[in-house]
Amino acid sequence: MSERGMISREFVDKVRASADIVRIISGYVSLKKKGDRYWGCCPFHNEKTPSFSVKPDDGFFYCFGCHAGGNVFKFISMYENIPYYEAVARVAEDLNIPLPRREQTPEQIAREKHIEELRQVNKLAGTFFHNCLTMTAYGRKGLAYFHQRGINEETIKEFSLGFAPDAWDKLSSAFLQRGISPELLVECDLARQRQGGGLFDRFRNRVMIPIRDDRGRVVGFGGRIIESSQQEQAKYLNSRETVLFNKRQLLFGLDKAYRHIEKAGFALVVEGYMDVISVYAAGIRNVVASLGTAFTREQCKKLLRYAPEIYFCYDSDEAGQNAIFRAIEVAREMENAVIKVVQMPDGKDPDEFIRKHGAEEFQKVIQGALPMVEFQLQYIVRDMDLNSLESRLQAMARILPVLSGLKNMAQRNAYVARAAQVLGVAENELMNELNRQQRGRYGSYQSQPQEQVRAARPARRQADDACRRAGRVVLRAVWQEPVVLEHFAGMVPLDAVPDEVQGSVLRRMKEMLDRGEELTDVMQFSSLGEQAVEELSRALVEEQSQQDLMGLYEECARLLRKHYLHSQFELHRLRADRLSREGQKGYIEELALLQKIKNEMDEL
């Protein structure tokens, strides 16, 4: 839902009032509190000294470097490169605020009804499997399996774990009796069609793990075998993809983990849902897993909304290590992401390690996570005989692209030195080879790839003078006390405000106040252009003087009044000169007016 016409101003105000701008922006930018606002490095241009400020009381952000500014929706729109009203819809969904509905075609109504039916069937199936595990004799061996793996009743309840009975059509028969259509059961991949007619259950004699979306709604299932007699079957059996279940978009456990990820500052990514459950049961809650597919860009972006760091903790076998290497290649494309790798000792996966050594030892393993480049370096050389020239050359060929991808010069130089030490080659030789390859890649010499910034917003200096600074104080004063506008308009006609952008904002404010509208959101002025939103955002975010705002406003209003009088004095002086030269009437009146203006200027 991204069309502007579908979302009213009232709905935008409702969502904005419910949104925590600091929490949301912190999912993209590392912020630190200073006074009544938060500061960080701007995500829209390259900078090392923080100039990006968020003022939570008023719900605005502003960058003093590139002058980007606006509300929380503007930030999402710029960062994700999506339309403004699509950003509103995203925040609304995150807050579980129902989106407004527009008039729909019969086909659209039928589709929404069908999707809701699928959700309901999945929800009922989750309850069915959980009850079979916890309330019937069918589930005894399932409970024994979970207990054997150290998963207690509390965790079983937390994840709504279940069991699929060892029967051909236990679920299908029960659901058909409840009036659920065979077509829905097949579409949800809970049942399959028999060749001779009828249905049989897709999941049988397996412990069942409900797979939920980010909002905690069941969208599919994973089933695991529990008996040695099942070894000829697939160890894990997942629901096929449906309109609700897209493996590229989903992360198992995120609905429970996201707040813990925010708190811990990093997400722990493991291979499978049994690893998530075991790690979670051990008290480590910031853990998620991809769903039978390689780690995807969509999953990575989702995690980075909650924390800037991702720790990959896959199995220590060959397949697991290769999967980590592929995941790193996906994650390193994300700007500002910090990637580390947890190396599992003893050839164990997280689940096995915790059962053998306990949660405390696993925490220590996590704390020893390797930085991404160090892991890649060790991974590349681990099976190579570096006494062999050919092996060293092969290792160098694989390491150079890793080093080339480092954007931070100091970090790159440090790892060049580290790689040279590991390979047993001269540091300057490795650096020369790296630079030679980059000359070929970029067409001309560069000591490192040019940094990719999220948006083409160069840091720029804005012409600033006393009048412009005073105008921002007036904007802030009017925003906080709208009655001030009438006083200011009596001192300086709004058409005569020296800064054109500030004048346009003040005139729009007057139009709104005259109509009885409230000043609540800088994006109310978006129709005036980007500069208007940026200037108002800056006015509201700028550090205030220790002086009382109203006292400061009076000084600034006097300064702007004096500037206005100077312009009027010059206007009437030129008119008086012209009338005098032409011998026309009105010369004396102009002189009297000039004197009146001069007298007021002297008093200010």
# chains A, B, ... in the order shown; residues from 1 in each chain; ligands from 1
$ residues_around --residues "segment 335-351 of chain A" --least-positions-apart "6" --cutoff "9 Å" --atoms "only C-alpha atoms" --output "PyMOL selection string"
chain A and resi 28-29+43+149+266+268+270-271+274-279+304+307-317+324+328+362+365-375+452-454
$ write_last_selection --atoms "C-alpha atoms" --output "PDB file, in the first residue's frame"
ATOM      1  CA  TYR A  28      19.835   2.209  11.016  1.00  0.00           C
ATOM      2  CA  VAL A  29      22.181   4.640  12.789  1.00  0.00           C
ATOM      3  CA  PRO A  43      23.692   7.680   6.859  1.00  0.00           C
ATOM      4  CA  ARG A 149      17.838 -32.297  23.827  1.00  0.00           C
ATOM      5  CA  PHE A 266      24.040  -7.784  17.662  1.00  0.00           C
ATOM      6  CA  LEU A 268      23.359 -14.192  16.400  1.00  0.00           C
ATOM      7  CA  VAL A 270      22.580 -19.904  13.361  1.00  0.00           C
ATOM      8  CA  GLU A 271      21.817 -22.508  10.714  1.00  0.00           C
ATOM      9  CA  MET A 274      16.576 -26.442  16.370  1.00  0.00           C
ATOM     10  CA  ASP A 275      19.757 -24.421  16.993  1.00  0.00           C
ATOM     11  CA  VAL A 276      17.626 -21.330  17.656  1.00  0.00           C
ATOM     12  CA  ILE A 277      15.448 -23.221  20.131  1.00  0.00           C
ATOM     13  CA  SER A 278      18.421 -24.719  22.002  1.00  0.00           C
ATOM     14  CA  VAL A 279      20.309 -21.411  22.161  1.00  0.00           C
ATOM     15  CA  LEU A 304      20.347  -4.379  10.575  1.00  0.00           C
ATOM     16  CA  ALA A 307      21.444  -3.762  15.555  1.00  0.00           C
ATOM     17  CA  PRO A 308      24.561  -2.866  13.539  1.00  0.00           C
ATOM     18  CA  GLU A 309      26.369  -6.174  14.180  1.00  0.00           C
ATOM     19  CA  ILE A 310      25.693  -9.696  12.907  1.00  0.00           C
ATOM     20  CA  TYR A 311      27.471 -12.767  14.309  1.00  0.00           C
ATOM     21  CA  PHE A 312      27.302 -15.903  12.149  1.00  0.00           C
ATOM     22  CA  CYS A 313      27.442 -19.156  14.127  1.00  0.00           C
ATOM     23  CA  TYR A 314      27.102 -22.075  11.725  1.00  0.00           C
ATOM     24  CA  ASP A 315      28.176 -25.683  12.024  1.00  0.00           C
ATOM     25  CA  SER A 316      31.935 -26.228  12.026  1.00  0.00           C
ATOM     26  CA  ASP A 317      31.781 -28.828   9.245  1.00  0.00           C
ATOM     27  CA  ILE A 324      29.343 -18.678   6.474  1.00  0.00           C
ATOM     28  CA  ILE A 328      29.634 -12.860   4.645  1.00  0.00           C
ATOM     29  CA  PHE A 362      28.831 -21.011  24.744  1.00  0.00           C
ATOM     30  CA  VAL A 365      32.674 -18.815  22.468  1.00  0.00           C
ATOM     31  CA  ILE A 366      30.435 -15.976  21.267  1.00  0.00           C
ATOM     32  CA  GLN A 367      32.648 -13.393  22.984  1.00  0.00           C
ATOM     33  CA  GLY A 368      35.613 -14.780  21.050  1.00  0.00           C
ATOM     34  CA  ALA A 369      33.941 -14.184  17.676  1.00  0.00           C
ATOM     35  CA  LEU A 370      36.410 -13.354  14.894  1.00  0.00           C
ATOM     36  CA  PRO A 371      36.128 -10.185  12.806  1.00  0.00           C
ATOM     37  CA  MET A 372      34.958 -10.972   9.299  1.00  0.00           C
ATOM     38  CA  VAL A 373      38.301 -10.439   7.548  1.00  0.00           C
ATOM     39  CA  GLU A 374      40.261 -12.433  10.124  1.00  0.00           C
ATOM     40  CA  PHE A 375      37.882 -15.364   9.642  1.00  0.00           C
ATOM     41  CA  GLN A 452      29.593   3.817  -1.532  1.00  0.00           C
ATOM     42  CA  VAL A 453      27.203   6.131   0.234  1.00  0.00           C
ATOM     43  CA  ARG A 454      23.522   5.481   0.578  1.00  0.00           C
TER      44      ARG A 454
END
$ select_by_dssp --residues "segment 278-373 of chain A" --states "alpha helix (DSSP H)" --output "PyMOL selection string"
chain A and resi 278-281+297-304+318-331+350-357+359-367+372-373
$ residues_around --residues "Glu227 of chain A" --least-positions-apart "5" --cutoff "12 Å" --atoms "only C-alpha atoms" --output "list in words"
Lys141, Gly142, Ala144, Tyr145, Asp166, Arg204, Asn205, Arg206, Val207, Glu232, Gln233, Ala234 and Lys235 of chain A
$ write_last_selection --atoms "N, CA, C and O atoms" --output "compact mmCIF listing (two decimals), in the first residue's frame"
# COMPACT_ATOMS: atom_id res chain seq x y z
N LYS A 141 6.57 -39.63 22.73
CA LYS A 141 7.92 -39.77 22.19
C LYS A 141 8.47 -38.43 21.71
O LYS A 141 9.69 -38.23 21.71
N GLY A 142 7.57 -37.52 21.31
CA GLY A 142 8.02 -36.18 20.96
C GLY A 142 8.55 -35.44 22.17
O GLY A 142 9.60 -34.78 22.11
N ALA A 144 9.74 -36.83 24.87
CA ALA A 144 10.99 -37.48 25.25
C ALA A 144 12.15 -36.96 24.41
O ALA A 144 13.27 -36.73 24.91
N TYR A 145 11.89 -36.75 23.11
CA TYR A 145 12.93 -36.23 22.22
C TYR A 145 13.36 -34.82 22.65
O TYR A 145 14.56 -34.53 22.76
N ASP A 166 1.84 -40.33 14.26
CA ASP A 166 2.26 -41.33 13.29
C ASP A 166 1.01 -42.00 12.70
O ASP A 166 0.70 -43.16 12.98
N ARG A 204 4.17 -36.50 9.38
CA ARG A 204 3.78 -37.67 10.20
C ARG A 204 4.98 -38.11 11.02
O ARG A 204 6.10 -38.22 10.50
N ASN A 205 4.71 -38.40 12.30
CA ASN A 205 5.73 -38.93 13.21
C ASN A 205 6.98 -38.03 13.26
O ASN A 205 8.11 -38.49 13.17
N ARG A 206 6.71 -36.74 13.38
CA ARG A 206 7.80 -35.76 13.48
C ARG A 206 7.47 -34.75 14.58
O ARG A 206 6.29 -34.43 14.79
N VAL A 207 8.53 -34.26 15.24
CA VAL A 207 8.32 -33.09 16.11
C VAL A 207 8.14 -31.90 15.19
O VAL A 207 8.78 -31.80 14.13
N GLU A 232 15.80 -43.20 6.50
CA GLU A 232 15.71 -43.11 5.04
C GLU A 232 14.91 -41.87 4.60
O GLU A 232 14.90 -41.52 3.43
N GLN A 233 14.22 -41.25 5.54
CA GLN A 233 13.44 -40.05 5.24
C GLN A 233 14.31 -38.80 5.40
O GLN A 233 15.38 -38.84 6.03
N ALA A 234 13.84 -37.69 4.85
CA ALA A 234 14.55 -36.43 5.04
C ALA A 234 14.56 -36.08 6.52
O ALA A 234 13.54 -36.18 7.20
N LYS A 235 15.74 -35.65 7.02
CA LYS A 235 15.86 -35.32 8.44
C LYS A 235 14.92 -34.18 8.81
O LYS A 235 14.23 -34.22 9.83
$ residues_around --residues "Phe569 of chain A" --least-positions-apart "3" --cutoff "10 Å" --atoms "only C-alpha atoms" --output "list in words"
His563, Tyr564, Leu565, His566, His572, Arg573, Leu574, Arg575, Glu590, Leu593, Leu594, Gln595, Lys596, Ile597, Lys598 and Met601 of chain A
$ closest_atom_pairs --of "segment 526-599 of chain A" --to "segment 474-482 of chain A" --cutoff "8 Å" --atoms "only C-alpha atoms" --output "CSV"
residue,atom,partner,partner_atom,distance
A:Leu536,CA,A:Leu475,CA,7.0
A:Ala539,CA,A:Arg476,CA,5.8
A:Leu540,CA,A:Arg476,CA,5.6
A:Leu549,CA,A:Ala477,CA,6.8
A:Met550,CA,A:Ala477,CA,6.9
A:Tyr553,CA,A:Val474,CA,5.9
A:Cys556,CA,A:Val474,CA,7.1
A:Ala557,CA,A:Val474,CA,7.1
$ atom_distance --atom1 "atom CA of Ser173 of chain A" --atom2 "atom CA of Leu161 of chain A"
21.3 Å
$ select_by_dssp --residues "segment 34-79 of chain A" --states "strand (DSSP E)" --output "ChimeraX atom specification"
/A:34,37-40,52-55,60-63,69-70
$ write_last_selection --atoms "C-alpha atoms" --output "PDB file, in the first residue's frame"
ATOM      1  CA  LYS A  34      23.530  14.371  24.435  1.00  0.00           C
ATOM      2  CA  ARG A  37      18.678  15.002  21.549  1.00  0.00           C
ATOM      3  CA  TYR A  38      20.592  12.113  20.018  1.00  0.00           C
ATOM      4  CA  TRP A  39      23.622  12.298  17.719  1.00  0.00           C
ATOM      5  CA  GLY A  40      25.235   9.979  15.208  1.00  0.00           C
ATOM      6  CA  PHE A  52      23.184  13.942  12.385  1.00  0.00           C
ATOM      7  CA  SER A  53      20.768  14.893  15.160  1.00  0.00           C
ATOM      8  CA  VAL A  54      17.421  13.484  16.310  1.00  0.00           C
ATOM      9  CA  LYS A  55      15.101  15.456  18.570  1.00  0.00           C
ATOM     10  CA  PHE A  60      12.430  15.295  13.782  1.00  0.00           C
ATOM     11  CA  PHE A  61      15.916  14.585  12.486  1.00  0.00           C
ATOM     12  CA  TYR A  62      18.356  16.949  10.813  1.00  0.00           C
ATOM     13  CA  CYS A  63      21.900  16.639   9.453  1.00  0.00           C
ATOM     14  CA  GLY A  69      15.795  16.653   7.536  1.00  0.00           C
ATOM     15  CA  GLY A  70      12.253  15.583   8.278  1.00  0.00           C
TER      16      GLY A  70
END
$ residues_around --residues "Phe325 of chain A" --least-positions-apart "4" --cutoff "8 Å" --atoms "only C-alpha atoms" --output "count of residues only"
3
$ residues_around --residues "Val381 of chain A" --least-positions-apart "6" --cutoff "9 Å" --atoms "only C-alpha atoms" --output "list of chain:residue names"
A:Ser391, A:Arg392, A:Ala395, A:Val422, A:Leu423
$ write_last_selection --atoms "all heavy atoms" --output "CSV table (one decimal), in the first residue's frame"
chain,number,residue,atom,x,y,z
A,391,SER,N,50.9,-22.6,-3.5
A,391,SER,CA,49.9,-22.5,-2.6
A,391,SER,C,49.8,-21.0,-2.1
A,391,SER,O,48.7,-20.5,-1.9
A,391,SER,CB,50.1,-23.4,-1.4
A,391,SER,OG,49.9,-24.7,-1.7
A,392,ARG,N,51.0,-20.4,-1.9
A,392,ARG,CA,51.0,-19.0,-1.4
A,392,ARG,C,50.3,-18.1,-2.5
A,392,ARG,O,49.6,-17.2,-2.2
A,392,ARG,CB,52.4,-18.5,-1.1
A,392,ARG,CG,52.9,-19.1,0.2
A,392,ARG,CD,54.0,-18.2,0.7
A,392,ARG,NE,55.1,-18.0,-0.2
A,392,ARG,CZ,56.2,-18.8,-0.3
A,392,ARG,NH1,56.3,-19.9,0.5
A,392,ARG,NH2,57.2,-18.6,-1.1
A,395,ALA,N,46.6,-18.6,-2.4
A,395,ALA,CA,46.0,-18.0,-1.2
A,395,ALA,C,46.0,-16.4,-1.4
A,395,ALA,O,45.0,-15.8,-1.1
A,395,ALA,CB,46.8,-18.3,0.0
A,422,VAL,N,50.9,-13.8,7.5
A,422,VAL,CA,50.4,-15.2,7.4
A,422,VAL,C,50.9,-15.9,6.2
A,422,VAL,O,51.3,-17.1,6.2
A,422,VAL,CB,48.8,-15.2,7.4
A,422,VAL,CG1,48.3,-16.6,7.1
A,422,VAL,CG2,48.3,-14.7,8.8
A,423,LEU,N,51.0,-15.2,5.1
A,423,LEU,CA,51.4,-15.8,3.8
A,423,LEU,C,52.9,-15.9,3.7
A,423,LEU,O,53.4,-16.7,2.9
A,423,LEU,CB,50.9,-15.0,2.6
A,423,LEU,CG,49.4,-15.0,2.4
A,423,LEU,CD1,49.0,-14.0,1.3
A,423,LEU,CD2,48.9,-16.3,2.1
$ closest_residue --among "A:Ala257, A:Ile21, A:Cys42, A:Leu237" --to "Ile284 of chain A" --atoms "only C-alpha atoms"
A:Ala257
$ residues_around --residues "Asn238 of chain A" --least-positions-apart "4" --cutoff "12 Å" --atoms "only C-alpha atoms" --output "ChimeraX atom specification"
/A:188-190,202-203,206-211,219-225,234,242,245-247,272-273,291-293
$ write_last_selection --atoms "N, CA, C and O atoms" --output "short mmCIF file (atom, residue, chain, number, x, y, z; two decimals), in the first residue's frame"
data_model
loop_
_atom_site.label_atom_id
_atom_site.label_comp_id
_atom_site.auth_asym_id
_atom_site.auth_seq_id
_atom_site.Cartn_x
_atom_site.Cartn_y
_atom_site.Cartn_z
N CYS A 188 -1.87 -24.99 2.06
CA CYS A 188 -1.01 -24.74 3.22
C CYS A 188 0.08 -25.80 3.36
O CYS A 188 0.90 -25.72 4.28
N ASP A 189 0.07 -26.79 2.49
CA ASP A 189 1.03 -27.89 2.50
C ASP A 189 0.95 -28.71 3.78
O ASP A 189 1.94 -29.27 4.25
N LEU A 190 -0.26 -28.80 4.32
CA LEU A 190 -0.50 -29.66 5.48
C LEU A 190 -0.97 -31.04 5.04
O LEU A 190 -0.93 -32.00 5.83
N ARG A 202 0.83 -34.38 5.30
CA ARG A 202 2.21 -34.14 4.84
C ARG A 202 3.20 -34.47 5.95
O ARG A 202 4.28 -35.02 5.69
N PHE A 203 2.90 -34.12 7.20
CA PHE A 203 3.82 -34.34 8.32
C PHE A 203 3.30 -35.49 9.18
O PHE A 203 2.16 -35.45 9.67
N ARG A 206 6.71 -36.74 13.38
CA ARG A 206 7.80 -35.76 13.48
C ARG A 206 7.47 -34.75 14.58
O ARG A 206 6.29 -34.43 14.79
N VAL A 207 8.53 -34.26 15.24
CA VAL A 207 8.32 -33.09 16.11
C VAL A 207 8.14 -31.90 15.19
O VAL A 207 8.78 -31.80 14.13
N MET A 208 7.24 -30.99 15.57
CA MET A 208 6.83 -29.91 14.69
C MET A 208 7.22 -28.55 15.28
O MET A 208 7.00 -28.28 16.46
N ILE A 209 7.77 -27.72 14.42
CA ILE A 209 8.19 -26.36 14.81
C ILE A 209 7.41 -25.37 13.97
O ILE A 209 7.59 -25.30 12.74
N PRO A 210 6.51 -24.59 14.57
CA PRO A 210 5.80 -23.56 13.81
C PRO A 210 6.77 -22.46 13.36
O PRO A 210 7.63 -22.03 14.13
N ILE A 211 6.66 -22.05 12.13
CA ILE A 211 7.47 -20.96 11.59
C ILE A 211 6.59 -19.73 11.51
O ILE A 211 5.51 -19.76 10.92
N VAL A 219 3.10 -19.14 9.61
CA VAL A 219 3.04 -19.12 8.14
C VAL A 219 3.48 -20.45 7.53
O VAL A 219 3.33 -20.68 6.33
N GLY A 220 4.04 -21.34 8.35
CA GLY A 220 4.48 -22.63 7.84
C GLY A 220 5.02 -23.49 8.98
O GLY A 220 4.94 -23.10 10.16
N PHE A 221 5.57 -24.64 8.64
CA PHE A 221 6.05 -25.58 9.66
C PHE A 221 7.33 -26.25 9.21
O PHE A 221 7.60 -26.40 8.01
N GLY A 222 8.10 -26.65 10.22
CA GLY A 222 9.25 -27.53 9.99
C GLY A 222 9.06 -28.77 10.84
O GLY A 222 8.65 -28.68 12.00
N GLY A 223 9.31 -29.93 10.26
CA GLY A 223 9.18 -31.18 11.00
C GLY A 223 10.48 -31.95 10.98
O GLY A 223 11.15 -32.03 9.96
N ARG A 224 10.86 -32.53 12.16
CA ARG A 224 12.12 -33.29 12.25
C ARG A 224 11.83 -34.72 12.66
O ARG A 224 11.01 -34.98 13.54
N ILE A 225 12.54 -35.67 12.01
CA ILE A 225 12.39 -37.07 12.39
C ILE A 225 12.97 -37.29 13.79
O ILE A 225 13.86 -36.54 14.23
N ALA A 234 13.84 -37.69 4.85
CA ALA A 234 14.55 -36.43 5.04
C ALA A 234 14.56 -36.08 6.52
O ALA A 234 13.54 -36.18 7.20
N THR A 242 4.50 -20.54 0.08
CA THR A 242 3.12 -20.17 -0.23
C THR A 242 3.04 -18.65 -0.31
O THR A 242 4.05 -17.96 -0.16
N PHE A 245 4.44 -17.68 2.97
CA PHE A 245 5.72 -18.23 3.41
C PHE A 245 6.78 -18.02 2.34
O PHE A 245 6.88 -18.80 1.39
N ASN A 246 7.59 -16.97 2.50
CA ASN A 246 8.68 -16.66 1.58
C ASN A 246 9.99 -16.79 2.35
O ASN A 246 10.31 -15.96 3.21
N LYS A 247 10.74 -17.84 2.06
CA LYS A 247 11.95 -18.13 2.85
C LYS A 247 13.00 -17.03 2.76
O LYS A 247 13.77 -16.84 3.71
N GLY A 272 19.86 -23.50 11.80
CA GLY A 272 18.52 -24.08 11.75
C GLY A 272 17.68 -23.75 12.96
O GLY A 272 18.17 -23.22 13.96
N TYR A 273 16.40 -24.07 12.85
CA TYR A 273 15.51 -23.69 13.94
C TYR A 273 15.74 -24.48 15.21
O TYR A 273 15.50 -23.98 16.31
N LEU A 291 15.96 -20.13 6.81
CA LEU A 291 15.04 -21.27 6.72
C LEU A 291 15.37 -22.17 5.53
O LEU A 291 14.70 -22.13 4.50
N GLY A 292 16.43 -22.92 5.66
CA GLY A 292 16.76 -23.89 4.62
C GLY A 292 17.29 -23.28 3.35
O GLY A 292 17.40 -23.94 2.33
N THR A 293 17.62 -21.97 3.38
CA THR A 293 18.18 -21.32 2.21
C THR A 293 19.44 -20.58 2.65
O THR A 293 19.69 -20.39 3.84
#
$ atom_distance --atom1 "atom CA of Ser26 of chain A" --atom2 "atom CA of Ser8 of chain A"
26.9 Å
$ closest_residue --among "A:Glu535, A:Glu589, A:Asp57, A:Glu241" --to "Glu500 of chain A" --atoms "only C-alpha atoms"
A:Glu535
$ closest_residue --among "A:Arg305, A:Ala419, A:Val473, A:Ala167" --to "Glu542 of chain A" --atoms "only C-alpha atoms"
A:Val473
$ atom_distance --atom1 "atom CA of Gly35 of chain A" --atom2 "atom CA of Asp464 of chain A"
24.6 Å
$ closest_residue --among "A:Asp385, A:Gly126, A:Ser526, A:Ile109" --to "Arg508 of chain A" --atoms "only C-alpha atoms"
A:Ser526
$ closest_residue --among "A:Val492, A:Leu31, A:Ile25, A:Ala17" --to "Leu95 of chain A" --atoms "only C-alpha atoms"
A:Ala17
